[in-house]
$ cat structure.txt   # compact mmCIF, C-alpha atoms
# COMPACT_ATOMS: atom_id res chain seq x y z
CA PRO A 1 -5.33 -11.65 -4.81
CA SER A 2 -7.60 -8.64 -4.72
CA LEU A 3 -11.30 -8.30 -5.41
CA ASN A 4 -11.85 -4.85 -6.94
CA ILE A 5 -15.41 -3.52 -7.11
CA MET A 6 -16.11 -0.50 -9.33
CA LEU A 7 -18.37 1.85 -7.37
CA TYR A 8 -18.43 4.81 -9.74
CA GLN A 9 -17.15 5.57 -13.23
CA PRO A 10 -18.63 8.38 -15.35
CA GLU A 11 -18.95 8.03 -19.12
CA SER A 12 -15.99 10.39 -19.59
CA ASN A 13 -13.73 7.82 -17.81
CA GLN A 14 -11.94 10.78 -16.23
CA ALA A 15 -12.45 9.43 -12.70
CA GLN A 16 -13.31 6.20 -10.98
CA VAL A 17 -13.97 5.04 -7.45
CA GLU A 18 -13.20 1.43 -6.49
CA LEU A 19 -13.43 -0.66 -3.36
CA ARG A 20 -10.30 -2.82 -3.34
CA LEU A 21 -10.23 -5.89 -1.12
CA PRO A 22 -6.71 -7.41 -1.20
CA LEU A 23 -5.93 -10.45 0.93
CA ARG A 24 -2.25 -11.33 1.28
CA ALA A 25 -0.29 -14.21 2.77
CA VAL A 26 3.06 -13.23 4.30
CA ILE A 27 6.17 -15.38 4.05
CA GLY A 28 9.30 -14.84 6.15
CA THR A 29 12.75 -16.20 5.44
CA ASP A 30 16.30 -16.15 6.73
CA PHE A 31 17.38 -17.51 3.29
CA SER A 32 17.73 -21.06 4.63
CA TYR A 33 13.97 -21.82 4.56
CA LEU A 34 10.61 -20.13 4.01
CA ARG A 35 7.83 -20.03 6.56
CA GLY A 36 4.34 -18.62 6.53
CA VAL A 37 4.03 -15.85 9.10
CA GLY A 38 0.39 -14.85 8.73
CA GLY A 39 -1.86 -12.72 6.61
CA ILE A 40 -3.04 -9.18 5.90
CA PHE A 41 -6.44 -7.90 4.77
CA GLN A 42 -6.22 -4.30 3.60
CA PRO A 43 -9.53 -2.93 2.22
CA LEU A 44 -9.14 0.41 0.42
CA LEU A 45 -11.48 3.00 -0.98
CA ASN A 46 -9.61 4.18 -4.07
CA LEU A 47 -10.16 7.27 -6.25
CA ASP A 48 -8.31 7.70 -9.57
CA VAL A 49 -8.63 10.95 -11.54
CA GLN A 50 -7.23 11.35 -15.07
CA ASP A 51 -5.87 14.76 -16.15
CA VAL A 52 -6.57 16.27 -12.74
CA PHE A 53 -5.28 19.75 -13.69
CA ASP A 54 -7.28 19.97 -16.96
CA GLN A 55 -5.20 19.25 -20.07
CA THR A 56 -1.85 18.98 -18.27
CA GLY A 57 -1.58 15.17 -18.32
CA TRP A 58 -1.21 14.81 -14.55
CA ASN A 59 -3.12 11.88 -13.04
CA MET A 60 -3.90 11.53 -9.34
CA GLY A 61 -4.77 8.57 -7.16
CA MET A 62 -5.94 8.57 -3.55
CA ALA A 63 -6.64 5.62 -1.27
CA VAL A 64 -7.76 5.31 2.33
CA GLY A 65 -8.55 2.32 4.50
CA PRO A 66 -7.91 0.18 7.55
CA VAL A 67 -5.46 -2.72 7.83
CA PHE A 68 -6.27 -6.03 9.53
CA THR A 69 -3.66 -8.66 10.41
CA ASP A 70 -3.90 -12.07 12.01
CA ARG A 71 -2.32 -13.23 15.28
CA ARG A 72 0.61 -15.03 13.61
CA TYR A 73 1.58 -11.94 11.62
CA ASN A 74 1.41 -9.66 14.66
CA GLN A 75 3.33 -12.10 16.85
CA TYR A 76 6.05 -12.40 14.20
CA PHE A 77 6.58 -8.62 13.98
CA TYR A 78 5.46 -7.31 17.39
CA GLY A 79 5.58 -10.24 19.82
CA ILE A 80 8.43 -10.89 22.25
CA ASP A 81 8.88 -14.48 23.41
CA ASP A 82 9.91 -15.05 27.04
CA GLN A 83 13.43 -16.10 26.01
CA TYR A 84 14.02 -12.67 24.37
CA ALA A 85 12.50 -10.56 27.15
CA ARG A 86 14.68 -8.07 29.01
CA ALA A 87 14.06 -5.60 31.82
CA ASP A 88 13.54 -2.79 29.30
CA ARG A 89 11.62 -5.03 26.86
CA PRO A 90 9.14 -7.35 28.59
CA ALA A 91 7.57 -10.41 26.99
CA TYR A 92 4.56 -9.57 24.83
CA THR A 93 1.98 -11.75 23.12
CA ALA A 94 0.34 -10.08 20.15
CA HIS A 95 -3.24 -10.65 19.03
CA GLY A 96 -4.82 -10.35 15.61
CA GLY A 97 -7.25 -7.67 14.52
CA TYR A 98 -7.17 -4.02 13.57
CA ALA A 99 -3.63 -2.97 12.62
CA GLY A 100 -4.04 0.74 11.87
CA SER A 101 -5.10 2.86 8.93
CA GLN A 102 -3.44 4.41 5.92
CA PHE A 103 -3.97 7.30 3.51
CA VAL A 104 -2.09 7.56 0.19
CA VAL A 105 -1.96 10.32 -2.45
CA ALA A 106 -0.03 9.75 -5.69
CA MET A 107 0.57 11.82 -8.82
CA THR A 108 1.82 10.57 -12.20
CA LYS A 109 2.58 12.07 -15.59
CA ARG A 110 3.74 10.47 -18.84
CA PHE A 111 6.09 12.40 -21.12
CA PRO A 112 7.23 11.21 -24.58
CA THR A 113 10.43 9.53 -23.32
CA PHE A 114 9.92 9.18 -19.58
CA TRP A 115 7.28 8.74 -16.90
CA THR A 116 7.33 10.42 -13.50
CA SER A 117 5.46 9.71 -10.28
CA GLY A 118 5.45 10.59 -6.62
CA PHE A 119 3.47 9.65 -3.54
CA VAL A 120 2.88 10.50 0.11
CA LYS A 121 1.59 7.81 2.47
CA LEU A 122 0.43 8.46 6.02
CA ASP A 123 0.00 5.54 8.44
CA THR A 124 -1.36 5.41 11.97
CA LEU A 125 -1.23 2.56 14.47
CA HIS A 126 -3.58 4.20 16.99
CA GLY A 127 -5.96 1.52 18.26
CA ALA A 128 -3.99 -1.34 16.68
CA ALA A 129 -4.26 -4.77 18.30
CA PHE A 130 -0.47 -4.72 18.94
CA GLU A 131 -0.28 -1.05 20.02
CA GLY A 132 0.94 -2.11 23.49
CA SER A 133 3.96 -4.00 22.15
CA PRO A 134 7.30 -2.73 23.51
CA LEU A 135 8.53 -2.87 19.90
CA VAL A 136 6.09 -0.14 18.78
CA LYS A 137 8.03 3.10 19.12
CA SER A 138 5.95 5.37 16.88
CA LYS A 139 2.21 5.26 16.28
CA GLN A 140 2.13 7.42 13.18
CA PHE A 141 4.52 7.95 10.33
CA ALA A 142 4.80 9.22 6.78
CA THR A 143 6.50 7.83 3.71
CA VAL A 144 7.38 9.88 0.62
CA GLY A 145 8.59 8.53 -2.70
CA PHE A 146 9.47 9.80 -6.16
CA ALA A 147 10.42 7.96 -9.35
CA ILE A 148 11.43 8.72 -12.92
CA THR A 149 11.19 5.93 -15.46
CA TRP A 150 13.04 6.22 -18.75
CA ILE A 151 11.22 4.75 -21.76
CA PHE A 152 14.13 3.57 -23.90
CA ALA A 153 12.14 1.71 -26.58
CA GLU A 154 8.59 1.43 -27.88
CA SER A 155 6.87 -0.82 -30.37
CA SER A 156 6.44 0.65 -33.83
CA THR A 157 3.01 -0.99 -33.97
CA ARG A 158 0.28 0.81 -32.05
CA VAL A 159 -2.89 -0.80 -30.74
CA GLU A 160 -6.15 1.12 -30.97
CA GLU A 161 -7.71 1.79 -27.58
CA GLU A 162 -11.31 0.70 -27.17
CA GLU A 163 -13.62 3.06 -25.31

$ encode --input "structure.txt" --output "structure tokens"
Amino acid sequence: PSLNIMLYQPESNQAQVELRLPLRAVIGTDFSYLRGVGGIFQPLLNLDVQDVFDQTGWNMGMAVGPVFTDRRYNQYFYGIDDQYARADRPAYTAHGGYAGSQFVVAMTKRFPTFWTSGFVKLDTLHGAAFEGSPLVKSKQFATVGFAITWIFAESSTRVEEEE
């Protein structure tokens, strides 16, 4: 679930700023059983802008915010129990708390028969509660993605959009 709070939206509806407050439970599995492994709280300040390049149809979204995880989640991903410790990988007990920050920029455009989108996401683990884990090898990283979606059918009946 996510509580989304609209902070700003002009009458033109061309842009909006939201505070998004998602809270997620995490489930792990080895396909023989499911087990709860903790939770994530990831508040984001989100900006969406319609037609960002003036009459071109390109929409942009940006989001920035911290990530918080509980002890169980961090122990599952970053902890090392005594039985798995080695000389080059000592035992480590993870704690809950701040788990880094993220910044995302995305662009989208709808064409008559397809939709395209792309994003860049930057993450940092500097100051994270589990930063000292021997399993953390990099404290910052980037992710890039691109998609094209083919629209192969549409309804012949259109619905009027309410303003």

$ closest_residue --input "structure.txt" --among "A:Ile27, A:Val49, A:Leu34, A:Ile40" --to "Ala15 in chain A" --atoms "all atoms listed in the file"
A:Val49

$ closest_residue --input "structure.txt" --among "A:Arg35, A:Lys109, A:Arg89, A:Arg20" --to "Gly132 in chain A" --atoms "all atoms listed in the file"
A:Arg89

$ atom_distance --input "structure.txt" --atom1 "CA of Glu161 in chain A" --atom2 "CA of Pro10 in chain A"
17.7 Å

$ atom_distance --input "structure.txt" --atom1 "CA of Glu18 in chain A" --atom2 "CA of Leu45 in chain A"
6.0 Å

$ residues_near_point --input "structure.txt" --point "(4.4, -11.6, 19.6)" --cutoff "6 Å" --atoms "only C-alpha atoms" --output "PDB file with C-alpha atoms, keeping the file's coordinate frame"
ATOM      1  CA  GLN A  75       3.330 -12.100  16.850  1.00  0.00           C
ATOM      2  CA  TYR A  76       6.050 -12.400  14.200  1.00  0.00           C
ATOM      3  CA  TYR A  78       5.460  -7.310  17.390  1.00  0.00           C
ATOM      4  CA  GLY A  79       5.580 -10.240  19.820  1.00  0.00           C
ATOM      5  CA  ILE A  80       8.430 -10.890  22.250  1.00  0.00           C
ATOM      6  CA  TYR A  92       4.560  -9.570  24.830  1.00  0.00           C
ATOM      7  CA  THR A  93       1.980 -11.750  23.120  1.00  0.00           C
ATOM      8  CA  ALA A  94       0.340 -10.080  20.150  1.00  0.00           C
TER       9      ALA A  94
END

$ closest_residue --input "structure.txt" --among "A:Pro90, A:Pro43, A:Gly65, A:Gly100" --to "Pro134 in chain A" --atoms "only C-alpha atoms"
A:Pro90

$ atom_distance --input "structure.txt" --atom1 "CA of Ala147 in chain A" --atom2 "CA of Thr69 in chain A"
29.4 Å

$ residues_around --input "structure.txt" --residues "Arg72 in chain A" --least-positions-apart "4" --cutoff "9 Å" --atoms "only C-alpha atoms" --output "VMD selection string"
chain A and resid 36 to 39 76 to 77 94 to 96

$ closest_residue --input "structure.txt" --among "A:Asp30, A:Asp48, A:Asp81, A:Asp70" --to "Gly97 in chain A" --atoms "all atoms listed in the file"
A:Asp70

$ residues_around --input "structure.txt" --residues "Ala142 in chain A" --least-positions-apart "3" --cutoff "10 Å" --atoms "all atoms listed in the file" --output "VMD selection string"
chain A and resid 102 to 104 120 to 124
